[in-house]
Amino acid sequence: MTDTAKLSVNGADHDYKIMSGSIGPEVIDIRKLYAQTGAFTFDPGFTSTASCESGLTYIDGDEGVLLHRGYPIGQLAEHSTFMEVCYLLLNGELPTEPELTDFSYTITRHTMLHEQLMTFYRGFRRDAHPMAVMCGVVGALSAFYHDSTDITDPRQRMIASHRLIAKMPTIAAMAYKYSVGQPFLYPDNSLSYTGNFLRMTFGVPAEPYVVNPVIEKALDRIFILHADHEQNASTSTVRLAGSSGANPFACIAAGIACLWGPAHGGANEAALNMLREIGTPDRIPHYIERAKDKNDPFRLMGFGHRVYKNYDPRATVMQKTVREVFAALKVTDPVFETALQLEEMALNDPYFIEKKLFPNVDFYSGVILSAIGFPTTMFTALFALARTVGWVAQWNEMIADPEQKIGRPRQLYTGPTQRDYVPLSAR
């Protein structure tokens with residue numbers, strides 16, 4: 001293939017450089033298109049547009065590949081820990097043992113929140129959605145941590161990154177505790193990142209909380225699987241907000257707000273609600289027939305993916321994890337049995353195989369989180385907790401990119417042409 005692409009506009013030919021990454025599709029550099037032709041490109045949803053250069057995460061949806069800094073997600077979920085993946089995304093390489101010890105120590109010592117934020121929580125209604133609380137609290141962090149808002153200082157950027165990763169479990173756990181009327185629990189530095197979150201969420205001051213290692217490992221895997229996912233809607237929101245020079249806490253709050261949308265972060269909740277609607281395994285064939293009927297509005301949630309046209313690589317790991325959790329908790333809920341049988345039937349049904357409607361990570365994660373004891377309102381909050389490391393890694397990468405400019409998408413204008421103002425008395 002030639003190293004340039006030729007575009008003819010209004011009878012004039014223009015050449016545009018073709019750029020190649022280390023892996024993935026080639027990219028046509030159209031930065032000079034408007035200056036040379038007076039024309040824009042039209043790409044709603046930016047599905048064919050590379051908005052930035054990144055070395056963090058690579059996805060091949062056709063082949064079902066997800067790499068973090070080159071490492072397959074399956075290997076990381078199986079053999080790594082969330083803290084190790086956080087270090088990898090932030091620093092580019094897997095840590096040595098001393099590096100991981102130092103990093104984990106740093107994150108652990110940043111888990112407490114400013115005490116005045118306790119009062120801030122009490123300003124919300126008790127029935128406030130945890131994501132509403134998280135949006136407000138994370139945005140408010142910039143009012144408490146002035147020493148890490150100078151984005152021109154690499155050290156302050158890293159301190160802010162560590163603070164966000166460390167404090168998000170505390171923020172999420174406190175949002176849950178507030179909603180159920182239980183007292184907040186302070187972090188316990190003797191526990192792991194994920195174990196500490198479980199204790200802050202489900203523990204009470206009246207008795208010691210013992211972390212179940214199977215549950216701890218399962219939740220740690222869920223965090224790994226949601227850590228980053230290339231330039232999705234919330235990540236693009238963080239980058240767009242950051243491109244204006246906004247402080248990191250405001251940028252991550254913007255990402256949380258975007259993630260809250262049901263088309264983005266709410267898919268696992270929708271999948272669980274679908275399973276509850278089906279109810280019992282004997283009703284599965286009826287619902288599968290409904291899913292095949294184009295005239296029926298019912299859709300099987302948690303199957304297929306906008307990017308992955310093959311099996312979601314994250315779902316492969318979750319398939320194993322869901323069985324480990326069910327065994328450890330001795331789950332007997334018919335909803336969970338329905339999930340397992342629906343998975344098996346869909347994987348063997350020619351219709352789903354032909355349409356490539358494989359179970360995705362949301363199908364499994366909602367089932368697991370519910371079995372652990374999280375209400376559905378917390379599902380997206382947990383997603384935000386895990387995705388924070390991806391957001392801050394992407395934000396750091398963007399700030400350090402010398403070619404980064406403030407985001408300014410263009411439009412195809414279809415409104416009225418210029419017209420003169422008519423006085424109110426003459427209308």
# chains A, B, ... in the order shown; residues from 1 in each chain; ligands from 1
>>> residues_around(residues="Glu84 in chain A", least_positions_apart="2", cutoff="8 Å", atoms="only C-alpha atoms", output="list in words")
Ser80, Thr81, Phe82, Cys86, Tyr87, Leu88, Leu94, Pro95 and Leu100 of chain A
>>> select_by_dssp(residues="range 213-399 of chain A", states="alpha helix (DSSP H)", output="PyMOL selection string")
chain A and resi 213-225+233-242+248-259+267-278+284-292+313-329+334-348+350-355+361-372+379-399
>>> closest_atom_pairs(of="range 287-359 of chain A", to="range 213-228 of chain A", cutoff="7 Å", atoms="only C-alpha atoms", output="tab-separated table")
residue	atom	partner	partner_atom	distance
A:Arg314	CA	A:Leu225	CA	6.0
A:Thr321	CA	A:Ala218	CA	6.1
A:Val325	CA	A:Ile215	CA	6.4
A:Ala328	CA	A:Val214	CA	6.8
>>> write_last_selection(atoms="N, CA and C atoms", output="PDB file, in the first residue's frame")
ATOM      1  N   ARG A 314     -12.706 -10.699  27.675  1.00  0.00           N
ATOM      2  CA  ARG A 314     -12.931 -10.542  29.109  1.00  0.00           C
ATOM      3  C   ARG A 314     -13.971 -11.537  29.617  1.00  0.00           C
ATOM      4  N   THR A 321     -14.846 -17.357  36.519  1.00  0.00           N
ATOM      5  CA  THR A 321     -15.001 -16.685  37.811  1.00  0.00           C
ATOM      6  C   THR A 321     -16.401 -16.844  38.372  1.00  0.00           C
ATOM      7  N   VAL A 325     -17.353 -18.204  42.195  1.00  0.00           N
ATOM      8  CA  VAL A 325     -18.122 -17.425  43.170  1.00  0.00           C
ATOM      9  C   VAL A 325     -19.361 -18.188  43.603  1.00  0.00           C
ATOM     10  N   ALA A 328     -18.326 -20.892  46.009  1.00  0.00           N
ATOM     11  CA  ALA A 328     -17.880 -20.386  47.311  1.00  0.00           C
ATOM     12  C   ALA A 328     -19.048 -19.894  48.156  1.00  0.00           C
TER      13      ALA A 328
END
>>> residues_around(residues="Thr237 in chain A", least_positions_apart="3", cutoff="8 Å", atoms="only C-alpha atoms", output="list in words")
Ala233, Ser234, Leu240, Ala241, Cys251, Ala254, Gly255 and Cys258 of chain A
>>> closest_atom_pairs(of="range 240-305 of chain A", to="range 163-178 of chain A", cutoff="12 Å", atoms="only C-alpha atoms", output="CSV")
residue,atom,partner,partner_atom,distance
A:Pro248,CA,A:Leu164,CA,8.8
A:Phe249,CA,A:Leu164,CA,7.6
A:Ala250,CA,A:Leu164,CA,11.1
A:Cys251,CA,A:Leu164,CA,11.1
A:Ile252,CA,A:Leu164,CA,8.5
A:Ala253,CA,A:Leu164,CA,10.4
A:Ile256,CA,A:Met168,CA,11.2
>>> residues_around(residues="Arg125 in chain A", least_positions_apart="3", cutoff="12 Å", atoms="only C-alpha atoms", output="JSON, numbers by chain")
{"A": [120, 121, 122, 128, 129, 130, 132, 133, 175, 178, 179, 180, 181]}
>>> closest_residue(among="A:Gly139, A:Pro409, A:Gly11, A:Pro262", to="Thr37 in chain A", atoms="only C-alpha atoms")
A:Gly11
>>> atom_distance(atom1="CA of Ser104 in chain A", atom2="CA of Val389 in chain A")
13.6 Å
>>> closest_residue(among="A:Leu342, A:Leu76, A:Leu89, A:Ala426", to="Pro313 in chain A", atoms="only C-alpha atoms")
A:Leu76
>>> select_by_dssp(residues="range 29-169 of chain A", states="strand (DSSP E or B)", output="PDB file with C-alpha atoms, in the first residue's frame")
ATOM      1  CA  THR A  57      -4.684  -0.309  25.157  1.00  0.00           C
ATOM      2  CA  TYR A  58      -5.254  -2.130  21.876  1.00  0.00           C
ATOM      3  CA  ILE A  59      -8.494  -3.796  20.796  1.00  0.00           C
ATOM      4  CA  ASP A  60      -9.121  -6.003  17.772  1.00  0.00           C
ATOM      5  CA  VAL A  65      -8.175  -9.285  21.322  1.00  0.00           C
ATOM      6  CA  LEU A  66      -7.641  -6.857  24.217  1.00  0.00           C
ATOM      7  CA  LEU A  67      -4.088  -5.865  25.160  1.00  0.00           C
ATOM      8  CA  HIS A  68      -2.891  -3.584  27.952  1.00  0.00           C
ATOM      9  CA  TYR A  71      -0.209  -7.949  27.534  1.00  0.00           C
ATOM     10  CA  PRO A  72      -3.357 -10.033  26.768  1.00  0.00           C
TER      11      PRO A  72
END
>>> closest_residue(among="A:Pro416, A:Pro350, A:Gly70, A:Asn295", to="Ile23 in chain A", atoms="only C-alpha atoms")
A:Gly70
>>> atom_distance(atom1="CA of Leu33 in chain A", atom2="CA of Glu230 in chain A")
25.5 Å
>>> residues_around(residues="Val361 in chain A", least_positions_apart="2", cutoff="12 Å", atoms="only C-alpha atoms", output="ChimeraX atom specification")
/A:221-226,265,267-269,271,301-305,308,311-322,358-359,363-368,383
>>> closest_residue(among="A:Ala39, A:Met131, A:Val211, A:Ile73", to="Asn196 in chain A", atoms="only C-alpha atoms")
A:Val211
>>> closest_residue(among="A:Met83, A:Ser243, A:Ala339, A:Met134", to="Leu385 in chain A", atoms="only C-alpha atoms")
A:Met134
>>> atom_distance(atom1="CA of Gln75 in chain A", atom2="CA of Glu53 in chain A")
24.9 Å
>>> closest_residue(among="A:Leu259, A:Ala270, A:Ile406, A:Ala50", to="Arg387 in chain A", atoms="only C-alpha atoms")
A:Leu259
>>> decode(residues="range 293-304 of chain A", atoms="all heavy atoms", output="short mmCIF file (atom, residue, chain, number, x, y, z; two decimals), in the first residue's frame")
data_model
loop_
_atom_site.label_atom_id
_atom_site.label_comp_id
_atom_site.auth_asym_id
_atom_site.auth_seq_id
_atom_site.Cartn_x
_atom_site.Cartn_y
_atom_site.Cartn_z
N ASP A 293 -37.30 -12.81 17.18
CA ASP A 293 -38.43 -12.18 16.48
C ASP A 293 -38.14 -10.69 16.29
O ASP A 293 -38.08 -9.93 17.26
CB ASP A 293 -39.71 -12.38 17.30
CG ASP A 293 -40.95 -11.85 16.57
OD1 ASP A 293 -40.81 -11.21 15.51
OD2 ASP A 293 -42.05 -12.06 17.10
N LYS A 294 -37.97 -10.28 15.05
CA LYS A 294 -37.65 -8.87 14.76
C LYS A 294 -38.77 -7.93 15.16
O LYS A 294 -38.53 -6.73 15.36
CB LYS A 294 -37.35 -8.71 13.27
CG LYS A 294 -36.10 -9.43 12.81
CD LYS A 294 -35.86 -9.22 11.32
CE LYS A 294 -34.60 -9.95 10.86
NZ LYS A 294 -34.36 -9.76 9.40
N ASN A 295 -39.97 -8.43 15.27
CA ASN A 295 -41.11 -7.59 15.63
C ASN A 295 -41.33 -7.50 17.14
O ASN A 295 -42.22 -6.78 17.60
CB ASN A 295 -42.39 -8.12 14.96
CG ASN A 295 -42.30 -8.09 13.44
OD1 ASN A 295 -41.82 -7.11 12.88
ND2 ASN A 295 -42.74 -9.15 12.78
N ASP A 296 -40.53 -8.23 17.89
CA ASP A 296 -40.65 -8.21 19.35
C ASP A 296 -39.58 -7.27 19.92
O ASP A 296 -38.40 -7.41 19.59
CB ASP A 296 -40.45 -9.63 19.90
CG ASP A 296 -40.85 -9.74 21.37
OD1 ASP A 296 -40.50 -8.84 22.14
OD2 ASP A 296 -41.52 -10.73 21.73
N PRO A 297 -39.94 -6.31 20.76
CA PRO A 297 -38.95 -5.36 21.29
C PRO A 297 -37.95 -5.98 22.27
O PRO A 297 -36.93 -5.36 22.58
CB PRO A 297 -39.82 -4.30 22.00
CG PRO A 297 -41.08 -5.04 22.36
CD PRO A 297 -41.31 -6.03 21.25
N PHE A 298 -38.21 -7.20 22.72
CA PHE A 298 -37.31 -7.84 23.69
C PHE A 298 -35.95 -8.11 23.06
O PHE A 298 -35.84 -8.57 21.94
CB PHE A 298 -37.91 -9.16 24.20
CG PHE A 298 -36.98 -9.91 25.12
CD1 PHE A 298 -36.85 -9.53 26.43
CD2 PHE A 298 -36.25 -10.99 24.65
CE1 PHE A 298 -35.99 -10.22 27.28
CE2 PHE A 298 -35.38 -11.69 25.49
CZ PHE A 298 -35.25 -11.30 26.81
N ARG A 299 -34.90 -7.79 23.81
CA ARG A 299 -33.53 -8.09 23.37
C ARG A 299 -32.77 -8.78 24.50
O ARG A 299 -32.97 -8.45 25.68
CB ARG A 299 -32.80 -6.80 22.99
CG ARG A 299 -33.37 -6.09 21.76
CD ARG A 299 -33.10 -6.90 20.50
NE ARG A 299 -33.66 -6.27 19.30
CZ ARG A 299 -34.88 -6.50 18.82
NH1 ARG A 299 -35.67 -7.35 19.44
NH2 ARG A 299 -35.31 -5.89 17.74
N LEU A 300 -31.92 -9.72 24.13
CA LEU A 300 -31.08 -10.38 25.13
C LEU A 300 -29.94 -9.44 25.49
O LEU A 300 -29.06 -9.17 24.67
CB LEU A 300 -30.53 -11.69 24.57
CG LEU A 300 -31.45 -12.91 24.60
CD1 LEU A 300 -30.75 -14.10 23.98
CD2 LEU A 300 -31.91 -13.24 26.01
N MET A 301 -29.95 -8.93 26.71
CA MET A 301 -28.90 -8.03 27.17
C MET A 301 -27.70 -8.83 27.65
O MET A 301 -27.85 -9.92 28.20
CB MET A 301 -29.43 -7.15 28.31
CG MET A 301 -30.71 -6.39 27.97
SD MET A 301 -30.52 -5.33 26.50
CE MET A 301 -29.32 -4.15 27.12
N GLY A 302 -26.52 -8.28 27.43
CA GLY A 302 -25.30 -8.98 27.84
C GLY A 302 -24.74 -9.90 26.77
O GLY A 302 -23.82 -10.67 27.03
N PHE A 303 -25.31 -9.80 25.55
CA PHE A 303 -24.82 -10.61 24.44
C PHE A 303 -24.41 -9.68 23.29
O PHE A 303 -25.09 -8.72 22.98
CB PHE A 303 -25.90 -11.57 23.94
CG PHE A 303 -26.18 -12.70 24.90
CD1 PHE A 303 -27.00 -12.50 26.00
CD2 PHE A 303 -25.61 -13.94 24.71
CE1 PHE A 303 -27.25 -13.52 26.89
CE2 PHE A 303 -25.86 -14.98 25.60
CZ PHE A 303 -26.68 -14.77 26.69
N GLY A 304 -23.26 -10.01 22.68
CA GLY A 304 -22.74 -9.17 21.61
C GLY A 304 -22.06 -7.93 22.18
O GLY A 304 -22.13 -7.63 23.38
#
